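Visitor: File follows, structure.txt with compact mmCIF, C-alpha atoms:
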# COMPACT_ATOMS: atom_id res chain seq x y z
CA MET X 1 -3.78 -11.28 22.42
CA PRO X 2 -0.12 -12.49 22.51
CA LYS X 3 2.37 -10.84 24.84
CA THR X 4 4.44 -9.66 21.87
CA ILE X 5 2.40 -7.90 19.19
CA ARG X 6 3.64 -7.80 15.63
CA PHE X 7 3.19 -4.48 13.84
CA LEU X 8 3.83 -4.32 10.11
CA THR X 9 4.24 -1.08 8.14
CA GLY X 10 4.66 -0.79 4.38
CA ILE X 11 6.49 2.16 2.80
CA THR X 12 6.00 2.69 -0.93
CA PRO X 13 9.14 4.13 -2.55
CA SER X 14 7.67 6.95 -4.59
CA GLY X 15 9.32 10.33 -4.67
CA THR X 16 11.50 12.16 -2.16
CA PRO X 17 10.36 12.24 1.51
CA HIS X 18 9.19 15.63 2.75
CA LEU X 19 8.45 17.21 6.13
CA GLY X 20 4.85 15.98 6.00
CA ASN X 21 6.05 12.38 5.63
CA PHE X 22 8.41 12.88 8.57
CA VAL X 23 5.82 14.35 10.93
CA GLY X 24 2.96 12.07 9.87
CA SER X 25 4.73 8.73 9.50
CA ILE X 26 8.50 8.48 9.93
CA ARG X 27 8.91 10.17 13.32
CA PRO X 28 5.97 8.46 15.10
CA SER X 29 6.82 5.07 13.56
CA VAL X 30 10.44 5.23 14.67
CA ALA X 31 9.30 6.15 18.17
CA ALA X 32 6.78 3.29 18.22
CA SER X 33 9.44 0.80 17.11
CA ARG X 34 11.15 1.27 20.49
CA ASN X 35 8.11 0.25 22.54
CA ALA X 36 8.42 -2.84 24.74
CA GLY X 37 6.29 -5.82 23.80
CA VAL X 38 6.23 -4.84 20.12
CA GLU X 39 7.88 -6.69 17.24
CA SER X 40 8.10 -4.25 14.34
CA PHE X 41 8.34 -5.04 10.64
CA TYR X 42 8.99 -2.21 8.15
CA PHE X 43 9.27 -2.94 4.46
CA LEU X 44 9.92 -0.98 1.30
CA ALA X 45 7.03 -1.93 -0.99
CA ASP X 46 8.99 -1.75 -4.24
CA TYR X 47 6.75 -4.30 -5.99
CA HIS X 48 3.80 -2.01 -5.25
CA ALA X 49 5.69 0.95 -6.70
CA LEU X 50 5.75 -0.76 -10.12
CA ILE X 51 1.97 -0.45 -10.39
CA LYS X 52 2.20 3.31 -10.89
CA CYS X 53 5.78 3.89 -11.96
CA GLN X 54 7.50 2.27 -14.93
CA GLU X 55 10.65 4.38 -14.65
CA PRO X 56 13.38 1.99 -13.37
CA GLU X 57 15.84 4.68 -12.30
CA ARG X 58 13.15 6.58 -10.42
CA VAL X 59 12.08 3.44 -8.53
CA HIS X 60 15.70 2.64 -7.72
CA ARG X 61 16.55 6.18 -6.60
CA SER X 62 13.40 6.55 -4.54
CA THR X 63 14.05 3.24 -2.78
CA LEU X 64 17.50 4.47 -1.76
CA GLU X 65 16.23 7.89 -0.64
CA ILE X 66 13.40 6.52 1.45
CA ALA X 67 15.45 3.74 3.05
CA ALA X 68 18.19 6.26 3.88
CA SER X 69 15.60 8.67 5.31
CA TRP X 70 14.16 6.10 7.73
CA LEU X 71 17.62 4.98 8.83
CA ALA X 72 18.77 8.56 9.29
CA ALA X 73 15.65 9.28 11.36
CA GLY X 74 16.69 6.58 13.83
CA LEU X 75 15.17 3.30 12.66
CA ASP X 76 17.51 0.62 14.02
CA PRO X 77 17.87 -2.41 11.70
CA GLN X 78 19.21 -4.42 14.63
CA GLN X 79 16.04 -3.86 16.65
CA VAL X 80 13.37 -4.08 13.94
CA THR X 81 12.96 -6.10 10.75
CA PHE X 82 13.56 -3.55 7.98
CA TYR X 83 13.58 -5.10 4.53
CA ARG X 84 12.86 -4.63 0.86
CA GLN X 85 9.75 -6.44 -0.36
CA SER X 86 11.49 -7.75 -3.49
CA ASP X 87 14.17 -9.44 -1.37
CA ILE X 88 11.59 -11.89 -0.01
CA PRO X 89 10.69 -14.28 -2.88
CA GLU X 90 8.22 -16.07 -0.63
CA ILE X 91 5.90 -13.04 -0.78
CA PRO X 92 4.99 -13.30 -4.49
CA GLU X 93 4.56 -17.06 -4.09
CA LEU X 94 2.17 -16.49 -1.20
CA HIS X 95 0.46 -13.91 -3.38
CA TRP X 96 -0.34 -16.71 -5.84
CA LEU X 97 -1.62 -19.07 -3.13
CA LEU X 98 -3.93 -16.32 -1.90
CA THR X 99 -5.04 -15.51 -5.45
CA CYS X 100 -6.36 -19.06 -5.73
CA VAL X 101 -8.68 -18.64 -2.74
CA THR X 102 -9.81 -15.06 -3.45
CA GLY X 103 -13.03 -14.33 -5.30
CA LYS X 104 -12.92 -11.85 -8.18
CA GLY X 105 -16.00 -10.23 -6.71
CA LEU X 106 -14.01 -9.24 -3.64
CA LEU X 107 -11.37 -7.55 -5.78
CA ASN X 108 -14.04 -5.81 -7.86
CA ARG X 109 -14.96 -3.85 -4.74
CA ALA X 110 -11.44 -2.53 -4.05
CA HIS X 111 -11.47 1.25 -3.75
CA ALA X 112 -8.51 1.86 -6.10
CA TYR X 113 -10.02 -0.31 -8.83
CA LYS X 114 -13.47 1.27 -8.48
CA ALA X 115 -11.94 4.75 -8.54
CA ALA X 116 -10.13 3.94 -11.80
CA GLN X 117 -13.36 2.63 -13.32
CA ASP X 118 -15.33 5.68 -12.16
CA LYS X 119 -12.73 7.96 -13.73
CA ASN X 120 -12.97 6.08 -17.02
CA GLN X 121 -16.75 6.21 -16.95
CA GLU X 122 -16.73 9.97 -16.45
CA ALA X 123 -14.37 10.32 -19.40
CA GLY X 124 -16.50 8.06 -21.61
CA ARG X 125 -13.80 5.41 -21.90
CA ASP X 126 -13.95 1.64 -21.47
CA LEU X 127 -14.26 0.92 -17.74
CA ASP X 128 -10.97 -1.01 -17.62
CA ASP X 129 -9.00 1.34 -19.87
CA GLY X 130 -5.52 1.74 -18.46
CA VAL X 131 -6.21 -0.63 -15.55
CA SER X 132 -3.35 -3.11 -15.18
CA ALA X 133 -3.67 -6.53 -13.61
CA GLY X 134 -1.21 -5.21 -11.03
CA LEU X 135 -3.65 -2.52 -9.92
CA PHE X 136 -6.49 -5.04 -9.82
CA MET X 137 -4.44 -7.58 -7.82
CA TYR X 138 -2.88 -4.98 -5.51
CA PRO X 139 -5.03 -6.03 -2.49
CA VAL X 140 -3.80 -9.63 -2.80
CA LEU X 141 -0.15 -8.59 -2.78
CA MET X 142 -0.82 -6.37 0.21
CA ALA X 143 -2.48 -9.30 1.97
CA ALA X 144 0.57 -11.46 1.21
CA ASP X 145 2.82 -8.78 2.78
CA ILE X 146 0.76 -8.87 5.96
CA LEU X 147 -0.05 -12.57 6.23
CA MET X 148 3.47 -13.80 5.47
CA PHE X 149 4.52 -12.53 8.90
CA ASN X 150 1.18 -13.07 10.65
CA ALA X 151 1.08 -9.43 11.70
CA HIS X 152 -1.41 -8.66 14.46
CA LYS X 153 -1.65 -4.92 13.79
CA VAL X 154 -1.19 -2.86 10.63
CA PRO X 155 -1.06 0.94 11.14
CA VAL X 156 -3.19 2.56 8.42
CA GLY X 157 -5.28 5.61 7.73
CA ARG X 158 -9.03 5.23 7.42
CA ASP X 159 -8.78 5.06 3.62
CA GLN X 160 -6.72 1.87 3.94
CA ILE X 161 -9.01 -0.07 6.30
CA GLN X 162 -10.60 -1.90 3.38
CA HIS X 163 -7.28 -3.51 2.49
CA ILE X 164 -6.93 -4.95 5.98
CA GLU X 165 -10.49 -6.26 5.85
CA MET X 166 -9.74 -7.91 2.52
CA ALA X 167 -6.58 -9.49 3.96
CA ARG X 168 -8.71 -10.91 6.78
CA ASP X 169 -11.15 -12.34 4.22
CA MET X 170 -8.35 -14.01 2.29
CA ALA X 171 -6.78 -15.40 5.45
CA ALA X 172 -10.12 -16.77 6.61
CA SER X 173 -10.76 -18.43 3.21
CA PHE X 174 -7.35 -20.09 3.26
CA ASN X 175 -7.75 -21.22 6.88
CA HIS X 176 -11.17 -22.69 6.11
CA LEU X 177 -9.80 -24.75 3.22
CA TYR X 178 -6.42 -25.80 4.60
CA GLY X 179 -6.46 -25.38 8.38
CA GLU X 180 -5.45 -22.59 10.74
CA HIS X 181 -2.29 -21.02 9.35
CA PHE X 182 -2.91 -17.29 9.32
CA THR X 183 -3.54 -14.76 12.06
CA LEU X 184 -6.39 -12.42 11.12
CA PRO X 185 -4.80 -8.95 11.12
CA GLU X 186 -6.37 -5.86 12.61
CA ALA X 187 -6.16 -2.29 11.37
CA ALA X 188 -4.48 0.09 13.81
CA VAL X 189 -6.25 3.23 12.64
CA GLU X 190 -4.17 6.37 12.91
CA ASP X 191 -6.77 9.06 13.57
CA ASN X 192 -4.23 11.49 15.04
CA VAL X 193 -1.76 11.52 12.17
CA ALA X 194 -0.33 15.02 11.84
CA LEU X 195 -1.04 16.52 8.42
CA LEU X 196 1.13 19.49 7.50
CA LEU X 197 0.10 22.34 5.28
CA GLY X 198 2.37 23.02 2.34
CA LEU X 199 3.98 26.15 0.93
CA ASP X 200 0.69 27.28 -0.59
CA GLY X 201 -1.53 26.58 2.42
CA ARG X 202 -2.97 23.35 1.02
CA LYS X 203 -2.09 19.90 2.37
CA MET X 204 1.62 19.23 1.84
CA SER X 205 1.69 16.77 -1.05
CA LYS X 206 3.96 15.90 -3.96
CA SER X 207 0.90 16.06 -6.23
CA TYR X 208 0.50 19.76 -5.35
CA ASP X 209 4.22 20.47 -5.74
CA ASN X 210 4.13 22.36 -2.44
CA THR X 211 6.44 20.25 -0.30
CA ILE X 212 9.58 20.93 1.73
CA PRO X 213 11.99 18.00 1.18
CA LEU X 214 12.96 16.44 4.48
CA PHE X 215 16.68 16.58 3.85
CA SER X 216 17.05 19.69 1.71
CA THR X 217 20.23 21.66 2.43
CA ARG X 218 20.16 24.48 5.00
CA GLU X 219 20.10 27.02 2.19
CA GLN X 220 17.26 25.24 0.37
CA LEU X 221 15.32 24.87 3.62
CA ARG X 222 15.69 28.59 4.39
CA LYS X 223 14.59 29.53 0.86
CA LEU X 224 11.55 27.23 0.88
CA ILE X 225 10.40 28.43 4.30
CA GLY X 226 10.76 31.97 3.02
CA SER X 227 8.31 31.13 0.23
CA ILE X 228 5.50 29.97 2.54
CA VAL X 229 2.38 31.94 1.68
CA THR X 230 1.28 34.40 4.40
CA ASP X 231 -1.32 37.16 4.52
CA SER X 232 -0.71 40.90 4.10
CA ARG X 233 -0.69 41.82 7.79
CA ALA X 234 2.21 44.17 8.51
CA PRO X 235 4.66 43.98 11.44
CA GLY X 236 2.88 45.02 14.63
CA GLU X 237 -0.52 43.83 13.46
CA PRO X 238 -1.92 40.80 15.39
CA LYS X 239 -1.92 37.65 13.28
CA GLN X 240 -4.17 34.59 13.21
CA VAL X 241 -2.69 31.17 14.00
CA GLU X 242 -5.76 29.39 12.59
CA GLY X 243 -5.12 28.45 8.99
CA SER X 244 -1.51 29.63 9.12
CA ALA X 245 0.72 27.06 7.42
CA LEU X 246 3.75 28.69 9.03
CA PHE X 247 2.35 28.33 12.55
CA GLN X 248 1.11 24.78 11.95
CA ILE X 249 4.49 23.59 10.68
CA TYR X 250 6.21 25.27 13.63
CA GLN X 251 3.84 23.55 16.07
CA ALA X 252 4.69 20.14 14.55
CA PHE X 253 8.35 20.58 15.55
CA ALA X 254 8.18 22.77 18.65
CA THR X 255 7.66 21.90 22.31
CA PRO X 256 4.38 23.02 23.93
CA GLU X 257 6.25 25.90 25.58
CA GLU X 258 7.75 27.01 22.28
CA THR X 259 4.36 26.77 20.58
CA ALA X 260 2.77 28.92 23.30
CA ALA X 261 5.50 31.51 22.84
CA MET X 262 4.94 31.60 19.09
CA ARG X 263 1.19 31.96 19.65
CA ARG X 264 1.87 35.02 21.84
CA ALA X 265 4.23 36.39 19.20
CA TYR X 266 1.45 36.12 16.62
CA ALA X 267 -0.90 38.03 18.93
CA ASP X 268 1.79 40.68 19.47
CA GLY X 269 2.19 41.19 15.72
CA ILE X 270 5.48 39.41 14.93
CA ALA X 271 6.80 40.23 11.45
CA TRP X 272 6.41 37.38 8.97
CA GLY X 273 10.12 37.45 8.20
CA ASP X 274 10.95 36.97 11.89
CA ALA X 275 8.39 34.15 12.21
CA LYS X 276 9.90 32.39 9.21
CA GLN X 277 13.38 32.73 10.69
CA MET X 278 12.15 31.14 13.94
CA LEU X 279 10.55 28.31 11.95
CA PHE X 280 13.76 27.71 10.00
CA GLU X 281 15.88 27.57 13.16
CA ARG X 282 13.46 25.22 14.91
CA ILE X 283 13.23 22.75 12.04
CA ASP X 284 16.95 22.83 11.33
CA ARG X 285 17.74 22.15 14.99
CA GLU X 286 15.90 18.82 14.77
CA ILE X 287 16.75 17.88 11.20
CA ALA X 288 20.45 18.84 11.04
CA PRO X 289 21.83 15.75 12.86
CA MET X 290 19.63 13.49 10.74
CA ARG X 291 20.65 15.37 7.58
CA ALA X 292 24.29 14.58 8.29
CA ARG X 293 23.46 10.87 8.66
CA TYR X 294 21.30 10.97 5.53
CA ASP X 295 24.03 12.61 3.45
CA ASP X 296 26.49 9.96 4.60
CA LEU X 297 24.09 7.14 3.68
CA MET X 298 23.38 8.63 0.27
CA ALA X 299 27.13 8.94 -0.35
CA HIS X 300 27.59 5.30 0.75
CA PRO X 301 24.58 3.34 -0.55
CA GLU X 302 26.33 0.12 0.41
CA LYS X 303 25.52 0.99 4.04
CA VAL X 304 21.82 1.16 3.19
CA GLU X 305 22.04 -2.10 1.28
CA ALA X 306 23.75 -3.78 4.24
CA ALA X 307 20.99 -2.64 6.59
CA LEU X 308 18.30 -3.98 4.24
CA GLN X 309 20.11 -7.30 3.92
CA ILE X 310 20.11 -7.67 7.71
CA GLY X 311 16.34 -7.31 7.58
CA ALA X 312 15.97 -9.59 4.57
CA LYS X 313 17.87 -12.36 6.34
CA ARG X 314 15.70 -11.98 9.43
CA ALA X 315 12.51 -11.86 7.38
CA ARG X 316 13.39 -14.91 5.29
CA ALA X 317 14.17 -16.91 8.43
CA ILE X 318 10.45 -16.57 9.13
CA ALA X 319 9.09 -16.61 5.59
CA ALA X 320 10.96 -19.61 4.13
CA PRO X 321 9.83 -22.27 6.64
CA PHE X 322 6.34 -20.78 6.83
CA LEU X 323 5.92 -21.01 3.07
CA GLN X 324 7.12 -24.63 3.15
CA ARG X 325 4.36 -25.29 5.66
CA LEU X 326 1.80 -23.59 3.41
CA ARG X 327 3.03 -25.54 0.38
CA ALA X 328 2.54 -28.78 2.26
CA ALA X 329 -0.91 -27.65 3.37
CA VAL X 330 -2.14 -27.10 -0.21
CA GLY X 331 -0.57 -30.34 -1.50
CA LEU X 332 2.68 -29.04 -3.02
CA ARG X 333 4.90 -31.60 -1.35
CA SER X 334 7.29 -34.42 -2.23
CA LEU X 335 5.69 -37.22 -4.25
CA SER X 336 7.64 -39.79 -2.23
CA ALA X 337 5.46 -39.04 0.78
CA VAL X 338 2.29 -41.08 1.14
CA THR X 339 -0.22 -39.03 3.08
CA HIS X 340 -3.86 -39.25 3.98
CA PRO X 341 -5.46 -35.81 3.65
CA ALA X 342 -7.27 -34.50 6.67
CA PRO X 343 -10.81 -33.11 6.40
CA ALA X 344 -10.87 -29.49 5.28
CA THR X 345 -12.19 -28.32 8.63
CA GLN X 346 -9.43 -29.97 10.67
CA LYS X 347 -7.01 -27.61 12.40
CA THR X 348 -3.66 -28.50 10.85
CA SER X 349 -1.26 -25.92 12.18
CA LYS X 350 0.46 -28.38 14.49
CA ALA X 351 0.29 -31.33 12.07
CA ALA X 352 1.92 -29.19 9.39
CA LEU X 353 5.09 -28.78 11.45
CA PRO X 354 8.10 -31.08 11.43
CA ALA X 355 8.72 -33.00 14.66
CA PHE X 356 11.47 -34.66 16.67
CA LYS X 357 10.89 -38.26 17.80
CA GLN X 358 13.04 -39.75 20.56
CA TYR X 359 13.29 -43.51 21.16
CA ARG X 360 15.44 -46.37 22.49
CA GLU X 361 16.83 -49.17 20.31
CA ALA X 362 17.65 -52.79 21.14
CA ASP X 363 21.32 -51.85 21.63
CA GLY X 364 20.26 -49.93 24.76
CA LYS X 365 21.18 -46.52 23.32
CA PHE X 366 18.86 -43.57 22.85
CA TYR X 367 18.21 -42.00 19.45
CA PHE X 368 16.17 -39.25 17.89
CA LYS X 369 15.07 -38.37 14.40
CA LEU X 370 13.58 -35.32 12.73
CA VAL X 371 10.49 -36.05 10.66
CA ALA X 372 8.94 -33.66 8.13
CA ALA X 373 5.29 -32.65 8.26
CA ASP X 374 4.59 -35.12 5.45
CA GLY X 375 6.24 -37.99 7.33
CA ARG X 376 9.59 -38.07 5.54
CA LEU X 377 12.75 -38.70 7.55
CA LEU X 378 14.95 -35.60 7.44
CA LEU X 379 17.65 -36.29 10.03
CA GLN X 380 18.83 -39.23 12.16
CA SER X 381 21.04 -39.13 15.25
CA THR X 382 23.69 -41.56 16.37
CA GLY X 383 23.21 -43.37 19.69
CA PHE X 384 23.40 -41.66 23.11
CA ASP X 385 24.10 -43.40 26.39
CA ALA X 386 21.42 -41.42 28.28
CA PRO X 387 18.06 -39.99 27.19
CA ARG X 388 19.02 -36.64 28.71
CA ASP X 389 21.91 -36.32 26.24
CA ALA X 390 19.57 -36.93 23.31
CA GLY X 391 17.08 -34.41 24.72
CA GLN X 392 19.74 -31.75 25.17
CA SER X 393 20.83 -32.17 21.55
CA ILE X 394 17.23 -31.78 20.37
CA ALA X 395 16.89 -28.63 22.47
CA ARG X 396 20.05 -27.15 20.94
CA LEU X 397 18.86 -27.91 17.41
CA GLN X 398 15.57 -26.16 18.12
CA LYS X 399 17.07 -23.05 19.72
CA GLU X 400 20.65 -22.46 18.51
CA ALA X 401 21.30 -21.10 15.04
CA GLY X 402 24.57 -23.01 14.50
CA ALA X 403 23.66 -26.22 16.31
CA LEU X 404 23.28 -28.27 13.11
CA GLN X 405 26.93 -27.73 12.28
CA ALA X 406 28.14 -28.01 15.88
CA LEU X 407 26.40 -31.36 16.40
CA ALA X 408 27.33 -32.79 12.99
CA PRO X 409 29.47 -35.63 14.49
CA LEU X 410 26.39 -36.86 16.38
CA LEU X 411 24.06 -36.76 13.37
CA THR X 412 23.61 -39.00 10.36
CA PRO X 413 22.46 -37.25 7.16
CA VAL X 414 19.64 -38.90 5.25
CA ASP X 415 20.29 -39.68 1.58
CA GLY X 416 18.45 -37.37 -0.74
CA VAL X 417 17.66 -34.75 1.91
CA PRO X 418 19.62 -31.52 1.39
CA ALA X 419 20.92 -29.64 4.40
CA SER X 420 18.83 -26.64 3.37
CA GLU X 421 15.62 -28.63 3.90
CA VAL X 422 16.77 -29.68 7.37
CA GLU X 423 17.61 -26.05 8.20
CA ALA X 424 14.19 -24.92 6.96
CA ALA X 425 12.49 -27.51 9.17
CA LEU X 426 14.45 -26.33 12.22
CA LEU X 427 13.55 -22.71 11.45
CA ALA X 428 9.89 -23.69 11.23
CA LEU X 429 10.05 -25.26 14.67
CA ALA X 430 11.83 -22.22 16.11
CA ALA X 431 9.24 -19.86 14.62
CA ALA X 432 6.39 -21.94 16.04
CA GLN X 433 7.84 -21.63 19.54
CA GLU X 434 8.03 -17.82 19.42
The structure given in the file should be rewritten as structure tokens.
Guide:
Amino acid sequence: MPKTIRFLTGITPSGTPHLGNFVGSIRPSVAASRNAGVESFYFLADYHALIKCQEPERVHRSTLEIAASWLAAGLDPQQVTFYRQSDIPEIPELHWLLTCVTGKGLLNRAHAYKAAQDKNQEAGRDLDDGVSAGLFMYPVLMAADILMFNAHKVPVGRDQIQHIEMARDMAASFNHLYGEHFTLPEAAVEDNVALLLGLDGRKMSKSYDNTIPLFSTREQLRKLIGSIVTDSRAPGEPKQVEGSALFQIYQAFATPEETAAMRRAYADGIAWGDAKQMLFERIDREIAPMRARYDDLMAHPEKVEAALQIGAKRARAIAAPFLQRLRAAVGLRSLSAVTHPAPATQKTSKAALPAFKQYREADGKFYFKLVAADGRLLLQSTGFDAPRDAGQSIARLQKEAGALQALAPLLTPVDGVPASEVEAALLALAAAQE
């Protein structure tokens, strides 16, 4: 296992975040993003949202609300890679590459697809009635999300384990055909995810219309908490904490000492109105500072967009060169390059990378050149008096973001090779050294 572990979390923009989302996902994920030795990727899965929602304004609004919620809750775009799926064009292209190595039989077994077919069968309809190609291909797009960044761990609930297993299958198929390019991801199963009860005592869920929006106003929060269903026990009568939505929500926000005090208050017969007031004050104490940040972000969506663009730039610095490597691996490369394909079983991860070559010419000076994975010359240096000088320039090009421009007087561009291709090659080398 590498010293730095990549975690990748997808967030589907559907609806307005509620307290259950905060307790079960947002709060623990933000805390985990600060752990040492972890490289965290969080993305808004807006392509996935289109499978179920064909309302453009709803998708757009939900994307803003959810991005603002995570930022307001403390996700730092400077410390993690937080991006919108649709800002990374390499992901749908990888989706196609994976589609070409994935058996239809594998996708036939996907839980979501089978559930849709079972529902149709029960209703006496055609098995594929209402099933879009997007729903059927959903596992491939999810695999592309994961494999594009070679994530080691993907936090999921038990109902999502199958998707990680399918991503592993696709990665293994591609690696078998074209060499070792993909890390096989592992599911980080979240068995201890906190599930909140809703206003009616059932699981808090938008489908039950029993949620408490995360960033409702103080007045709305007080009113919703006041509507939580309780039993008929009067003030002074001992009350049960088991099965009490009010107590369970309080416990999700309170310290152990506060929870113990509330438990005693239940036993002593606290009035429901007083218990609801305590719950309101405890939630508002934690949410109020975040609500202020959220309101500011919603009033200035350009701030949210700027944060997502920081993540998109960081994500594409990894995705663009990696996809070029995958393109070369499957044969989508320049026709001017004459190559001899390696056997399918050969490990090609190193061969698929560009490389620097350093040498000495008859004039006594030392030179280097950058050669693409397919053998094409991408960049040529001028002469150096000492090999150390050439080596130091190579090191700068491999490590420093602006070195290509800074060293321009010492470099000779190659006709027909755009600067963007040279930059992509340097990014690929930098990513391989991480």
Visitor: Counting all atoms listed in the file, which of X:Ile51, X:Gly236, X:Leu75, X:Leu196 gets nearest to X:Pro28?
Guide: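 Distance minimum relative to X:Pro28 lands on X:Leu75.
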Visitor: Which residues, written as a VMD selection string, have at least one atom at most 9 Å from stretch 222-226 of chain X, with all atoms listed in the file counted and residues fewer than 3 positions away on the same chain left out?
Guide: chain X and resid 199 211 to 212 217 to 219 229 246 273 276 to 277 279 to 281
Visitor: Selection from above, C-alpha atoms, as a compact mmCIF listing (two decimals), in the coordinates of the input, can you write it?
Guide:
# COMPACT_ATOMS: atom_id res chain seq x y z
CA LEU X 199 3.98 26.15 0.93
CA THR X 211 6.44 20.25 -0.30
CA ILE X 212 9.58 20.93 1.73
CA THR X 217 20.23 21.66 2.43
CA ARG X 218 20.16 24.48 5.00
CA GLU X 219 20.10 27.02 2.19
CA VAL X 229 2.38 31.94 1.68
CA LEU X 246 3.75 28.69 9.03
CA GLY X 273 10.12 37.45 8.20
CA LYS X 276 9.90 32.39 9.21
CA GLN X 277 13.38 32.73 10.69
CA LEU X 279 10.55 28.31 11.95
CA PHE X 280 13.76 27.71 10.00
CA GLU X 281 15.88 27.57 13.16
Visitor: Could you jot down the atom CA of X:Ala110 to atom CA of X:Leu197 separation for me, Å, one decimal place?
Guide: 29.0 Å
Visitor: Which residues are close to X:Asn210, i.e. within 10 Å by all atoms listed in the file, leaving aside same-chain residues fewer than 2 positions away? Reply as a list in words.
Guide: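 In the requested format, the answer is His18, Leu197, Gly198, Leu199, Asp200, Gly201, Arg202, Lys203, Met204, Ser205, Lys206, Ser207, Tyr208, Ile212, Pro213, Leu224 and Ile228 of chain X.
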Visitor: Please, what distance in Å, to one decimal, runs between atom CA of X:Val154 and atom CA of X:Ala401?
Guide: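 We find that atom CA of X:Val154 and atom CA of X:Ala401 lie 29.3 Å from each other.
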Visitor: Could you list, as a ChimeraX atom specification, every residue within 7 Å of X:Phe356, counting only C-alpha atoms and ignoring same-chain residues fewer than 3 positions away?
Guide: /X:368-371
Visitor: Can you measure atom CA of X:Phe253 to atom CA of X:Gln220 for me? One decimal in Å is fine.
Guide: 18.2 Å
Visitor: Give the answer as one residue: which of X:Gln248, X:Thr259, X:Ser227, X:Ser173 has the shortest atom-to-atom distance to X:Trp272, using only C-alpha atoms?
Guide: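 Checking each candidate against X:Trp272, we get X:Ser227 as the closest.
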Visitor: Calculated over only C-alpha atoms, which of the candidates X:Ala245, X:Leu221, X:Leu323, X:Leu177 has the smallest distance to X:Ala428?
Guide: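 Checking each of X:Ala245, X:Leu221, X:Leu323, X:Leu177 against X:Ala428, counting only C-alpha atoms, the winner is X:Leu323.
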Visitor: For X:Ile287, which residue among X:Arg84, X:Phe215, X:Ala36, X:Ala172 is the nearest when counting only C-alpha atoms?
Guide: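 Going through X:Arg84, X:Phe215, X:Ala36, X:Ala172 one by one, the smallest distance to X:Ile287 is for X:Phe215.
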Visitor: Using only C-alpha atoms, which residue out of X:Gln324, X:Leu50, X:Pro77, X:Ala261 lies closest to X:Gln309?
Guide: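 Answer, going by the shortest atom-to-atom distance: X:Pro77.
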Visitor: Between X:Tyr359, X:Phe149, X:Phe384, X:Tyr138, single out the one closest to X:Ser40, counting all atoms listed in the file.
Guide: X:Phe149
Visitor: What's around X:Val23 at 12 Å? Count all atoms listed in the file, leave out sequence neighbours fewer than 3 positions away in its own chain, and write the answer as a compact mmCIF listing (two decimals) with C-alpha atoms, in the coordinates of the input.
Guide:
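Saved file around.txt follows:
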# COMPACT_ATOMS: atom_id res chain seq x y z
CA PRO X 17 10.36 12.24 1.51
CA HIS X 18 9.19 15.63 2.75
CA LEU X 19 8.45 17.21 6.13
CA GLY X 20 4.85 15.98 6.00
CA ILE X 26 8.50 8.48 9.93
CA ARG X 27 8.91 10.17 13.32
CA PRO X 28 5.97 8.46 15.10
CA SER X 29 6.82 5.07 13.56
CA VAL X 30 10.44 5.23 14.67
CA ALA X 31 9.30 6.15 18.17
CA ALA X 73 15.65 9.28 11.36
CA ASN X 192 -4.23 11.49 15.04
CA VAL X 193 -1.76 11.52 12.17
CA ALA X 194 -0.33 15.02 11.84
CA LEU X 195 -1.04 16.52 8.42
CA LEU X 196 1.13 19.49 7.50
CA LEU X 197 0.10 22.34 5.28
CA MET X 204 1.62 19.23 1.84
CA ILE X 212 9.58 20.93 1.73
CA LEU X 214 12.96 16.44 4.48
CA GLN X 248 1.11 24.78 11.95
CA ILE X 249 4.49 23.59 10.68
CA TYR X 250 6.21 25.27 13.63
CA GLN X 251 3.84 23.55 16.07
CA ALA X 252 4.69 20.14 14.55
CA PHE X 253 8.35 20.58 15.55
CA ALA X 254 8.18 22.77 18.65
CA ILE X 283 13.23 22.75 12.04
CA GLU X 286 15.90 18.82 14.77
CA ILE X 287 16.75 17.88 11.20
